[in-house]
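Enquirer: Please find coords33.cif (mmCIF, C-alpha atoms and all ligand atoms) on the next line:
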data_structure
#
loop_
_atom_site.label_atom_id
_atom_site.label_comp_id
_atom_site.auth_asym_id
_atom_site.auth_seq_id
_atom_site.Cartn_x
_atom_site.Cartn_y
_atom_site.Cartn_z
CA MET A 1 -41.78 -61.70 31.56
CA ALA A 2 -40.23 -64.49 33.62
CA LEU A 3 -42.84 -66.67 35.32
CA LEU A 4 -40.60 -69.44 36.63
CA SER A 5 -36.91 -68.92 37.30
CA ALA A 6 -34.43 -71.46 38.57
CA ARG A 7 -31.27 -69.98 39.98
CA GLN A 8 -28.24 -72.20 40.41
CA VAL A 9 -30.42 -75.11 41.46
CA THR A 10 -28.60 -78.23 42.59
CA LYS A 11 -30.08 -81.45 43.91
CA TYR A 12 -28.04 -84.31 45.31
CA PHE A 13 -29.37 -87.76 46.15
CA GLY A 14 -26.57 -89.01 48.35
CA GLY A 15 -23.52 -88.74 46.13
CA LEU A 16 -25.51 -88.47 42.91
CA CYS A 17 -25.97 -84.99 41.46
CA ALA A 18 -29.39 -85.18 39.77
CA VAL A 19 -29.67 -81.45 39.01
CA ASP A 20 -26.43 -79.56 38.63
CA ASN A 21 -26.30 -75.78 39.08
CA LEU A 22 -29.27 -75.22 36.82
CA ASP A 23 -30.38 -71.80 35.64
CA LEU A 24 -33.66 -71.84 33.76
CA THR A 25 -36.30 -69.27 32.93
CA VAL A 26 -39.81 -69.97 31.67
CA ASN A 27 -41.57 -66.88 30.36
CA GLU A 28 -45.22 -66.12 30.83
CA GLY A 29 -47.37 -67.36 27.94
CA GLU A 30 -44.83 -69.62 26.28
CA ILE A 31 -44.67 -73.33 25.59
CA PHE A 32 -41.35 -74.40 26.99
CA ALA A 33 -39.88 -77.89 26.83
CA LEU A 34 -37.25 -79.59 28.95
CA ILE A 35 -35.73 -82.62 27.25
CA GLY A 36 -32.81 -84.96 27.80
CA PRO A 37 -31.89 -88.61 28.26
CA ASN A 38 -33.46 -90.76 30.95
CA GLY A 39 -32.01 -89.92 34.33
CA SER A 40 -30.90 -86.42 33.29
CA GLY A 41 -32.89 -84.73 36.07
CA LYS A 42 -36.08 -83.56 34.32
CA THR A 43 -38.54 -85.08 36.77
CA THR A 44 -36.35 -84.05 39.69
CA PHE A 45 -36.52 -80.45 38.51
CA THR A 46 -40.30 -80.70 38.36
CA ASN A 47 -40.31 -82.16 41.87
CA LEU A 48 -38.21 -79.25 43.10
CA ALA A 49 -40.41 -76.62 41.45
CA THR A 50 -43.62 -78.07 42.87
CA GLY A 51 -42.41 -78.65 46.43
CA MET A 52 -42.19 -82.43 46.33
CA MET A 53 -38.58 -82.10 47.48
CA ALA A 54 -36.22 -79.28 48.36
CA PRO A 55 -33.07 -78.37 46.44
CA THR A 56 -29.68 -78.98 48.02
CA SER A 57 -28.78 -75.42 47.02
CA GLY A 58 -30.12 -72.65 44.84
CA HIS A 59 -33.76 -71.68 44.56
CA ILE A 60 -36.74 -71.52 42.23
CA GLU A 61 -38.98 -68.48 41.94
CA PHE A 62 -42.52 -68.41 40.63
CA GLN A 63 -43.90 -64.94 39.90
CA GLY A 64 -41.05 -63.52 41.93
CA THR A 65 -41.75 -65.62 45.04
CA ILE A 66 -39.47 -68.43 46.12
CA VAL A 67 -41.39 -71.71 45.78
CA SER A 68 -38.59 -74.24 46.23
CA GLY A 69 -38.83 -75.67 49.73
CA GLN A 70 -42.49 -74.63 50.12
CA ARG A 71 -45.23 -77.17 50.60
CA PRO A 72 -46.86 -78.59 47.46
CA HIS A 73 -50.41 -77.40 48.21
CA VAL A 74 -49.16 -73.86 48.81
CA ILE A 75 -47.45 -73.92 45.42
CA THR A 76 -50.59 -75.31 43.78
CA GLN A 77 -52.61 -72.47 45.26
CA MET A 78 -50.10 -70.01 43.85
CA GLY A 79 -50.90 -71.39 40.40
CA LEU A 80 -48.08 -73.83 39.70
CA VAL A 81 -49.25 -77.38 39.07
CA ARG A 82 -47.83 -80.54 37.54
CA THR A 83 -48.84 -83.92 36.20
CA PHE A 84 -46.96 -87.07 37.05
CA GLN A 85 -44.84 -89.27 34.83
CA ASN A 86 -46.20 -92.23 36.77
CA LEU A 87 -49.95 -91.90 36.64
CA ARG A 88 -51.79 -91.28 39.88
CA ILE A 89 -55.29 -92.33 39.07
CA PHE A 90 -57.38 -93.30 42.08
CA SER A 91 -59.03 -96.51 41.10
CA SER A 92 -62.32 -96.06 42.93
CA LEU A 93 -63.28 -92.66 41.52
CA THR A 94 -65.13 -91.70 38.37
CA VAL A 95 -63.59 -89.46 35.77
CA LEU A 96 -65.72 -86.52 36.94
CA GLU A 97 -64.84 -87.10 40.59
CA HIS A 98 -61.17 -86.97 39.71
CA VAL A 99 -61.53 -83.52 38.27
CA THR A 100 -63.72 -82.16 41.06
CA LEU A 101 -60.95 -83.27 43.45
CA GLY A 102 -58.58 -81.01 41.55
CA ASN A 103 -60.93 -78.15 42.26
CA PHE A 104 -60.90 -78.52 46.04
CA CYS A 105 -58.00 -76.20 46.58
CA ARG A 106 -59.99 -73.43 44.89
CA THR A 107 -63.22 -73.79 46.85
CA THR A 108 -63.80 -71.22 49.51
CA THR A 109 -66.51 -72.73 51.66
CA ARG A 110 -65.59 -73.60 55.22
CA VAL A 111 -65.79 -77.00 56.83
CA TRP A 112 -68.69 -76.18 59.18
CA SER A 113 -70.92 -75.06 56.37
CA ASN A 114 -70.10 -78.30 54.58
CA ILE A 115 -71.51 -80.15 57.52
CA LEU A 116 -74.66 -78.04 57.50
CA ARG A 117 -74.90 -78.32 53.69
CA THR A 118 -76.08 -74.79 53.34
CA LYS A 119 -77.38 -73.29 50.14
CA GLN A 120 -73.93 -71.80 49.73
CA VAL A 121 -72.35 -75.26 49.78
CA ARG A 122 -74.78 -76.64 47.24
CA GLU A 123 -74.12 -73.69 44.97
CA GLU A 124 -70.42 -74.26 45.38
CA GLU A 125 -70.82 -77.93 44.47
CA ASP A 126 -72.80 -77.01 41.36
CA ARG A 127 -70.16 -74.50 40.39
CA VAL A 128 -67.36 -77.05 40.89
CA ARG A 129 -69.21 -79.69 38.89
CA ALA A 130 -69.95 -77.30 36.02
CA ARG A 131 -66.35 -76.25 35.91
CA ALA A 132 -65.13 -79.87 36.00
CA GLU A 133 -67.43 -80.69 33.11
CA GLU A 134 -66.16 -77.73 31.14
CA ILE A 135 -62.58 -78.95 31.65
CA LEU A 136 -63.47 -82.54 30.71
CA ASP A 137 -65.07 -81.18 27.56
CA PHE A 138 -61.92 -79.19 26.89
CA VAL A 139 -59.66 -82.28 27.05
CA GLY A 140 -62.21 -84.42 25.19
CA LEU A 141 -63.35 -86.67 28.02
CA LEU A 142 -66.81 -85.31 28.80
CA ASP A 143 -68.62 -88.32 27.33
CA ARG A 144 -66.61 -90.51 29.75
CA LYS A 145 -67.40 -88.50 32.87
CA ASN A 146 -69.18 -91.33 34.68
CA TRP A 147 -66.64 -94.01 33.77
CA PRO A 148 -64.48 -95.43 36.55
CA ALA A 149 -61.17 -93.67 35.97
CA ARG A 150 -59.25 -96.93 35.94
CA SER A 151 -61.26 -98.23 32.99
CA LEU A 152 -60.01 -95.47 30.69
CA PRO A 153 -57.40 -96.45 28.13
CA TYR A 154 -53.94 -95.34 29.14
CA GLY A 155 -53.76 -92.30 26.87
CA GLN A 156 -57.06 -91.03 28.22
CA GLN A 157 -55.82 -91.47 31.79
CA ARG A 158 -53.05 -89.07 30.81
CA LEU A 159 -55.69 -86.60 29.61
CA LEU A 160 -57.51 -87.03 32.89
CA GLU A 161 -54.32 -86.13 34.75
CA ILE A 162 -54.13 -82.97 32.68
CA ALA A 163 -57.80 -82.20 33.37
CA ARG A 164 -57.25 -82.61 37.08
CA ALA A 165 -54.29 -80.23 36.97
CA LEU A 166 -56.29 -77.69 34.95
CA ALA A 167 -59.05 -77.81 37.55
CA THR A 168 -56.73 -76.11 40.03
CA ASP A 169 -56.84 -73.06 37.73
CA PRO A 170 -53.07 -72.85 37.22
CA LYS A 171 -50.93 -70.15 35.67
CA LEU A 172 -48.23 -72.68 34.82
CA ILE A 173 -48.72 -76.36 34.14
CA MET A 174 -45.78 -78.78 34.14
CA LEU A 175 -46.50 -81.88 32.06
CA ASP A 176 -44.12 -84.76 32.82
CA GLU A 177 -44.14 -87.08 29.81
CA PRO A 178 -47.82 -86.65 28.94
CA ALA A 179 -47.41 -88.57 25.68
CA ALA A 180 -45.80 -91.63 27.27
CA GLY A 181 -47.96 -94.60 26.37
CA MET A 182 -50.11 -92.59 23.99
CA THR A 183 -50.91 -93.82 20.50
CA MET A 184 -49.60 -91.82 17.54
CA GLN A 185 -53.06 -90.31 17.07
CA GLU A 186 -53.36 -89.35 20.75
CA SER A 187 -49.95 -87.81 20.75
CA ASN A 188 -50.82 -85.78 17.64
CA ASP A 189 -54.01 -84.61 19.32
CA LEU A 190 -51.93 -83.61 22.32
CA ILE A 191 -50.18 -80.99 20.18
CA HIS A 192 -53.54 -79.24 19.72
CA LEU A 193 -54.47 -79.65 23.37
CA ILE A 194 -51.20 -78.12 24.56
CA ARG A 195 -51.71 -75.14 22.25
CA ALA A 196 -55.27 -74.78 23.48
CA ILE A 197 -54.05 -74.83 27.09
CA ARG A 198 -51.66 -72.00 26.31
CA ASP A 199 -54.48 -70.14 24.53
CA ARG A 200 -56.41 -70.27 27.83
CA GLY A 201 -53.60 -68.12 29.22
CA ILE A 202 -51.73 -70.96 30.90
CA THR A 203 -47.97 -71.23 30.44
CA VAL A 204 -46.86 -74.75 29.52
CA PHE A 205 -43.73 -76.55 30.68
CA LEU A 206 -43.41 -79.83 28.80
CA ILE A 207 -41.18 -82.84 29.37
CA ASP A 208 -41.37 -85.56 26.74
CA HIS A 209 -39.31 -87.95 24.67
CA LYS A 210 -41.57 -87.81 21.61
CA MET A 211 -39.62 -85.43 19.42
CA ARG A 212 -42.43 -85.02 16.93
CA LEU A 213 -44.53 -83.59 19.74
CA VAL A 214 -41.78 -81.54 21.39
CA MET A 215 -40.41 -80.01 18.19
CA ASN A 216 -43.90 -79.20 16.89
CA VAL A 217 -45.37 -77.59 19.94
CA SER A 218 -42.51 -75.92 21.84
CA GLU A 219 -41.31 -72.41 21.29
CA ARG A 220 -38.20 -72.80 23.39
CA ILE A 221 -36.37 -75.88 24.55
CA ALA A 222 -33.72 -76.55 27.17
CA VAL A 223 -31.73 -79.77 27.19
CA LEU A 224 -30.40 -81.53 30.28
CA ASN A 225 -27.64 -84.10 30.39
CA PHE A 226 -26.49 -85.50 33.74
CA GLY A 227 -28.38 -82.71 35.48
CA ARG A 228 -26.66 -79.96 33.53
CA LYS A 229 -28.17 -77.68 30.94
CA ILE A 230 -26.23 -78.32 27.76
CA ALA A 231 -28.32 -76.25 25.35
CA GLU A 232 -31.24 -73.87 25.11
CA GLY A 233 -32.94 -72.46 22.05
CA THR A 234 -35.64 -72.78 19.41
CA PRO A 235 -36.60 -76.24 18.16
CA LYS A 236 -34.51 -75.64 15.05
CA GLU A 237 -31.47 -74.59 17.04
CA ILE A 238 -31.81 -77.59 19.34
CA GLN A 239 -32.17 -80.06 16.47
CA GLU A 240 -28.99 -78.70 14.87
CA ASN A 241 -26.94 -78.47 18.07
CA PRO A 242 -24.05 -80.99 17.92
CA ASP A 243 -23.89 -81.38 21.71
CA VAL A 244 -27.60 -82.25 21.80
CA ILE A 245 -27.28 -84.68 18.93
CA GLU A 246 -24.34 -86.33 20.68
CA ALA A 247 -25.99 -86.55 24.10
CA TYR A 248 -29.56 -87.28 23.13
CA LEU A 249 -31.07 -86.85 19.69
CA GLY A 250 -28.59 -89.00 17.83
CA LYS A 251 -28.86 -91.98 20.11
CA GLY A 252 -32.23 -93.36 19.18
CA ARG A 253 -34.69 -91.97 21.64
CA LYS A 254 -35.90 -94.09 24.47
CA THR A 255 -39.49 -93.76 25.49
CA ALA A 256 -39.31 -95.09 29.03
P1 LIG A 301 -35.45 -87.91 34.26
O1 LIG A 301 -36.80 -87.46 34.68
O2 LIG A 301 -34.70 -86.92 33.42
O3 LIG A 301 -35.48 -89.27 33.60
P2 LIG A 301 -34.93 -88.06 37.11
O4 LIG A 301 -35.06 -86.66 37.56
O5 LIG A 301 -36.07 -88.96 37.39
O6 LIG A 301 -34.55 -88.09 35.57
O7 LIG A 301 -33.65 -88.70 37.76
C1 LIG A 301 -32.39 -88.05 37.78
C2 LIG A 301 -31.43 -88.91 38.56
O8 LIG A 301 -31.77 -88.84 39.96
C3 LIG A 301 -31.45 -90.37 38.19
O9 LIG A 301 -30.13 -90.89 38.31
C4 LIG A 301 -32.37 -90.99 39.24
O10 LIG A 301 -32.04 -92.34 39.47
C5 LIG A 301 -32.07 -90.13 40.45
N1 LIG A 301 -33.23 -89.97 41.35
C6 LIG A 301 -34.41 -89.41 41.01
N2 LIG A 301 -35.25 -89.38 42.06
C7 LIG A 301 -34.56 -89.92 43.10
C8 LIG A 301 -34.87 -90.17 44.47
N3 LIG A 301 -36.06 -89.82 44.97
N4 LIG A 301 -33.92 -90.75 45.25
C9 LIG A 301 -32.73 -91.09 44.72
N5 LIG A 301 -32.37 -90.89 43.46
C10 LIG A 301 -33.27 -90.30 42.64
MG MG A 302 -38.64 -88.34 34.38
#
Represent the structure of the file as structure tokens.
Expert:
Amino acid sequence: MALLSARQVTKYFGGLCAVDNLDLTVNEGEIFALIGPNGSGKTTFTNLATGMMAPTSGHIEFQGTIVSGQRPHVITQMGLVRTFQNLRIFSSLTVLEHVTLGNFCRTTTRVWSNILRTKQVREEEDRVRARAEEILDFVGLLDRKNWPARSLPYGQQRLLEIARALATDPKLIMLDEPAAGMTMQESNDLIHLIRAIRDRGITVFLIDHKMRLVMNVSERIAVLNFGRKIAEGTPKEIQENPDVIEAYLGKGRKTA
């Protein structure tokens, strides 16, 4: 069943067509990857799907509801969340605080009861903390929970980004270059983490340049070049596709 569908999505920045008439479907429960050279429109598509910017034309549906053009927090509440290619780690917070922040959009308590700090609020805080700890354990960062987030090595900051996204209890997570800056070992571990995320019932949309990761973990892959989809298929089909080899795979992958 289609979870995310892009229909004829186009995005212009001035005269530059960053996403060009894109049709894309991500099915519920799958691990789907979007790959392509730098500047091919992958991040822009993620921005469009999560409400960071609106398409010039076309639309994106999530669970049958149009999400393109909606506000980001509304889309997050619907269960569509993303991580950022450029890390957004708040320097003053601990690892645990980062993840409890991700939970805020799921808490139900009202502002006035926060001020009164009722029993209900304290219970809510305990629940949020327990859940954040469970998620940190899941990504392998629980023993770092009291570290200042900025003191984590780069690869672990990427894991923290994922943890924060998971804390919003998503149905679909879009990971924008999660392995960028990771060591070989961390990027191998990420294969297992991505599978484990899917096994929690969360559909995964992955963007990355590390082909070992992408080809190992994805079930279906679409390839962008200059904003256009040039191929779609299984990892094997993509690796053998002459257009993909010409545009991307054959050129010595960049990691930026
Ligand atoms: P990718 O993630 O595949 O590397 P992007 O989606 O970041 O590619 O970029 C696609 C194209 O759109 C690039 O040419 C980039 O310079 C341009 N672009 C991306 N974001 C903006 C923006 N906010 N304003 C203007 N141009 C942008
Ligand atoms: Mg990008």
Enquirer: Could you build a table of the residues in chain A lying no more than 10 Å from ligand LIG 301 (chain A), giving for each the nearest pair of atoms and their separation in Å rounded to one decimal place, using only C-alpha atoms and all ligand atoms, ordered by chain and ascending residue number, as a Markdown table?
Expert:
| residue | atom | partner | partner_atom | distance |
| --- | --- | --- | --- | --- |
| A:Lys11 | CA | A:LIG301 | O8 | 8.5 |
| A:Tyr12 | CA | A:LIG301 | O8 | 7.9 |
| A:Phe13 | CA | A:LIG301 | C9 | 4.9 |
| A:Gly14 | CA | A:LIG301 | C9 | 7.4 |
| A:Gly15 | CA | A:LIG301 | N5 | 9.5 |
| A:Leu16 | CA | A:LIG301 | O8 | 6.9 |
| A:Cys17 | CA | A:LIG301 | O8 | 7.1 |
| A:Ala18 | CA | A:LIG301 | O8 | 4.4 |
| A:Val19 | CA | A:LIG301 | C1 | 7.2 |
| A:Leu34 | CA | A:LIG301 | O2 | 9.0 |
| A:Ile35 | CA | A:LIG301 | O2 | 7.6 |
| A:Gly36 | CA | A:LIG301 | O2 | 6.2 |
| A:Pro37 | CA | A:LIG301 | O2 | 6.1 |
| A:Asn38 | CA | A:LIG301 | O3 | 3.7 |
| A:Gly39 | CA | A:LIG301 | O6 | 3.4 |
| A:Ser40 | CA | A:LIG301 | O2 | 3.8 |
| A:Gly41 | CA | A:LIG301 | O4 | 3.3 |
| A:Lys42 | CA | A:LIG301 | O2 | 3.7 |
| A:Thr43 | CA | A:LIG301 | O1 | 3.6 |
| A:Thr44 | CA | A:LIG301 | O4 | 3.6 |
| A:Phe45 | CA | A:LIG301 | O4 | 6.4 |
| A:Thr46 | CA | A:LIG301 | O4 | 8.0 |
| A:Asn47 | CA | A:LIG301 | O4 | 8.1 |
| A:Leu48 | CA | A:LIG301 | O4 | 9.8 |
| A:Met52 | CA | A:LIG301 | N3 | 9.7 |
| A:Met53 | CA | A:LIG301 | N3 | 8.5 |
| A:Gln85 | CA | A:LIG301 | O1 | 8.2 |
| A:Asp176 | CA | A:LIG301 | O1 | 8.0 |
| A:Glu177 | CA | A:LIG301 | O1 | 8.8 |
| A:Ile207 | CA | A:LIG301 | O1 | 8.3 |
| A:Asp208 | CA | A:LIG301 | O1 | 9.4 |
| A:His209 | CA | A:LIG301 | O3 | 9.8 |
| A:Val223 | CA | A:LIG301 | O2 | 9.9 |
| A:Leu224 | CA | A:LIG301 | O2 | 7.6 |
| A:Asn225 | CA | A:LIG301 | O2 | 8.2 |
| A:Phe226 | CA | A:LIG301 | C1 | 7.6 |
| A:Gly227 | CA | A:LIG301 | C1 | 7.1 |
| A:Ala256 | CA | A:LIG301 | O3 | 8.3 |
Enquirer: Which is closer to Arg7 in chain A than all the others in A:Val217, A:Leu87, A:Val67, A:Leu101, using all atoms listed in the file?
Expert: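 Ranked by minimum distance to Arg7 in chain A, first place goes to A:Val67.
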Enquirer: Is there a way to get, as a PyMOL selection string, all residues within 8 Å of the point (-43.0, -66.1, 34.2) in file coordinates, counting all atoms listed in the file?
Expert: chain A and resi 1-5+25-29+62-63
Enquirer: In Å, with one decimal, what is the gap from CA of Arg82 in chain A to CA of Asp169 in chain A?
Expert: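 If I compute the distance from CA of Arg82 in chain A to CA of Asp169 in chain A, I get 11.7 Å.
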Enquirer: Looking at A:Trp147, A:Tyr154, A:Tyr248, A:Phe138, which one is nearest to Leu93 in chain A, with distances taken over all atoms listed in the file?
Expert: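 Of all the options, A:Trp147 lies closest to Leu93 in chain A.
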Enquirer: Rank nothing, just name the residue among A:His73, A:His98, A:Arg117, A:Lys210 nearest to Ala167 in chain A, using all atoms listed in the file.
Expert: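 Looking at the shortest contact to Ala167 in chain A, the residue is A:His98.
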Enquirer: Nearest residue to Glu237 in chain A out of A:Gly250, A:Arg200, A:Arg220, A:Glu124, using only C-alpha atoms?
Expert: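 For Glu237 in chain A, the nearest of the candidates is A:Arg220.
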Enquirer: Would you compute the distance between CA of Val9 in chain A and CA of Phe32 in chain A? Give it in Å to one decimal.
Expert: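 Computing the Euclidean distance for CA of Val9 in chain A and CA of Phe32 in chain A yields 18.1 Å.
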Enquirer: Here is a test: counting all atoms listed in the file, which residue of A:Leu136, A:Leu213, A:Met174, A:Leu22 is nearest to ligand MG 302 (chain A)?
Expert: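 Among the listed residues, the smallest separation from ligand MG 302 (chain A) belongs to A:Met174.
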Enquirer: So that I can see what lies close to Ile197 in chain A, please list as a CSV table (one decimal) with C-alpha atoms, in the frame of the given file the residues with an atom at most 10 Å from it, counting only C-alpha atoms and leaving out residues fewer than 3 positions away in the same chain.
Expert:
chain,number,residue,atom,x,y,z
A,31,ILE,CA,-44.7,-73.3,25.6
A,138,PHE,CA,-61.9,-79.2,26.9
A,139,VAL,CA,-59.7,-82.3,27.0
A,162,ILE,CA,-54.1,-83.0,32.7
A,166,LEU,CA,-56.3,-77.7,35.0
A,172,LEU,CA,-48.2,-72.7,34.8
A,173,ILE,CA,-48.7,-76.4,34.1
A,192,HIS,CA,-53.5,-79.2,19.7
A,193,LEU,CA,-54.5,-79.6,23.4
A,194,ILE,CA,-51.2,-78.1,24.6
A,200,ARG,CA,-56.4,-70.3,27.8
A,201,GLY,CA,-53.6,-68.1,29.2
A,202,ILE,CA,-51.7,-71.0,30.9
A,203,THR,CA,-48.0,-71.2,30.4
A,204,VAL,CA,-46.9,-74.8,29.5
Enquirer: So which residues touch Ala163 in chain A within 10 Å, counting all atoms listed in the file, skipping near sequence neighbours fewer than 6 positions away, as a list of chain:residue names?
Expert: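 Answer for this query is A:Thr83, A:Val95, A:Leu96, A:His98, A:Val99, A:Thr100, A:Gly102, A:Ala132, A:Glu133, A:Glu134, A:Ile135, A:Leu136, A:Asp137, A:Phe138, A:Val139, A:Gly140, A:Leu141, A:Gln157.
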Enquirer: One decimal, in Å: what's the spacing between CA of Glu232 in chain A and CA of Pro170 in chain A?
Expert: 25.0 Å
Enquirer: Between A:Asn241, A:Thr76, A:Asn86, A:Asn216, which is the closest to ligand MG 302 (chain A) once you count all atoms listed in the file?
Expert: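 Using all atoms listed in the file, the shortest distance to ligand MG 302 (chain A) belongs to A:Asn86.
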Enquirer: Residues at most 12 Å from Arg150 in chain A, counting all atoms listed in the file, excluding those fewer than 5 positions away in the same chain, as a list in words?
Expert: Leu87, Arg88, Ile89, Phe90, Ser91, Ser92, Leu93, Thr94, Val95, His98, Arg144, Gly155, Gln156, Gln157, Arg158, Leu160 and Glu161 of chain A
